[in-house]
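Everything below concerns the one structure shown next.
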Amino acid sequence: MERASFFLANGCTPLSLSHDFILPAHVRPVLSSVSTSITVPVIDLNDKQSSLVNKISDACQEYGFFHIINHGVPEELCRRMMAAVSDFFKLPPEERSHLFTDDKTKPLRVSNYYLKVEGQDKVTMWSETLAHPWHASDDFANFLPRNPPITGIKLELASEYAKEIGWLMRRLLGLISQGMGLKKDRLRERLGDKPRLVSQANYYPPCPQPELTLGLPAHTDALTVLMQSEDVIGLQVMTKDGEWIAVNPLPNAFVVNIGDQIQVLSNGKYKSVHHRAITNKDLERVSIAMFYGPNKDTVVGPVEELVDEEHPPMYRSYRYEEFLEEFHRQEGTRRRVKEVFESQH
């Protein structure tokens with residue numbers, strides 16, 4: 001059966017691997033060199049508390065990423081959410097185009113990512129994304145602009161999923177905090193009582209030559225709970241040794257990425273690492289990333305209890321708005337945002 005053509009929201013012709021999407025040879029993903037012998041840890045949230053704290057602490061120090069299973073979010077809800085996102089990207093482009101923008105500061109947007117390369121203005125990534133605010137409360141709908149609405153994704157479903165992820169985020173933050181030797185609520189306090197919550201759904205159509213392009217370029221994020229298609233490998237993480245490893249999807253599991261602010265708050269003990277998405281020749285891939293970060297006015301810096309004479313602050317304190325400004329300034333590059341805020345000893 002012939003595969004249906006995919007149209008980007010801002011495209012008037014079927015997606016094809018044109019010059020706009022092909023990376024120069026020196027920045028293409030060398031898929032044959034990606035390690036399959038190493039992968040990120042799998043952590044069972046049903047483990048005993050003390051074991052759980054230790055395992056999460058080890059994963060945060062060694063990888064900055066880990067899988068979680070027995071997370072408590074109903075499998076059927078996850079399945080419905082993934083189906084709704086997939087259906088959204090299969091809407092005719094004219095039903096998505098009113099949400100399209102290149103302005104990544106807009107809270108509700110459909111957009112593409114790109115990579116700046118020498119000799120070319122930019123190379124567009126082989127994907128389309130839908131971003132919007134989320135909130136773990138009953139009035140979730142009030143956090144989504146009504147004009148224009150998000151066609152095809154029921155607010156009740158998005159609200160139910162956000163509520164479940166909200167509980168899970170709170171639990172994860174507690175475990176990560178305890179892994180640093182802090183009180184359970186310490187990180188949540190430092191990130192503020194009005195966190196910046198963003199949901200980003202990513203759609204990666206089948207790509208005829210995955211070795212020539214990327215779905216998303218190498219980047220780092222805020223604290224993330226990611227759900228991904230179970231039948232397609234796409235996420236790759238860079239180890240501390242600079243080696244790319246594949247994060248193979250697991251049934252009914254989430255991937256947790258601790259993100260830049262946790263690295264800063266931990267005074268460099270925990271690692272926020274670069275990761276990227278590759279494409280697949282035959283299969284589409286969908287992922288939903290739920291981000292949890294400080295709001296713009298929150299001051300971020302190493303937690304005071306983790307700083308002493310032997311462990312001087314590795315980062316200066318900054319308002320999160322400063323971080324976001326630097327983040328947007330580095331758009332299209334292999335971002336190194338937290339590095340800008342490193343202390344000068």
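By convention in this document, the chains of the structure tokens carry letters A, B, ... by their order, each chain's residues are numbered from 1, and ligands are numbered from 1 in the order they are shown.
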**OP:** Excluding A:Val40 and any residue of its chain fewer than 3 positions from it, enumerate the residues within 8 Å of it, using only C-alpha atoms, and give them as a list in words.
**Re:**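 So the residues in contact are Ala59, Tyr63, Phe65, Phe66, His67 and Val247 of chain A.
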Contacts between stretch 208-224 of chain A and stretch 24-142 of chain A, please, where a residue of stretch 24-142 of chain A counts if it comes within 8 Å (with only C-alpha atoms); show its shortest atom pair and distance in Å to one decimal, rows by chain and ascending number, as a tab-separated table.
residue	atom	partner	partner_atom	distance
A:Ala25	CA	A:Leu212	CA	7.8
A:Arg28	CA	A:Leu212	CA	5.8
A:Pro29	CA	A:Glu211	CA	5.9
A:Val30	CA	A:Glu211	CA	6.8
A:Leu31	CA	A:Glu211	CA	6.6
A:Tyr113	CA	A:Leu216	CA	6.9
A:Tyr114	CA	A:Pro217	CA	7.6
A:Leu115	CA	A:Pro217	CA	7.0
A:Met125	CA	A:Gly215	CA	5.3
A:Trp126	CA	A:Gly215	CA	4.6
A:Ser127	CA	A:Gly215	CA	5.3
Subject >> Shell around stretch 157-174 of chain A at 7 Å using only C-alpha atoms, local window under 3 positions removed, as a list in words >> reply: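 Near stretch 157-174 of chain A, the qualifying residues are Val73, Leu77, Met81, Trp134, His135, Ala136, Ser137, Asp138, Phe140, Lys154, Ser177, Gln178, Lys184, Asp185, Leu187 and Arg188 of chain A.
Coordinates place atom CA of A:Phe7 at a distance of 13.0 Å from atom CA of A:Val110.
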Original post:
atom CA of A:Pro195 and atom CA of A:Gly293 are how many Å apart?
Top reply: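 It comes out at 5.6 Å.
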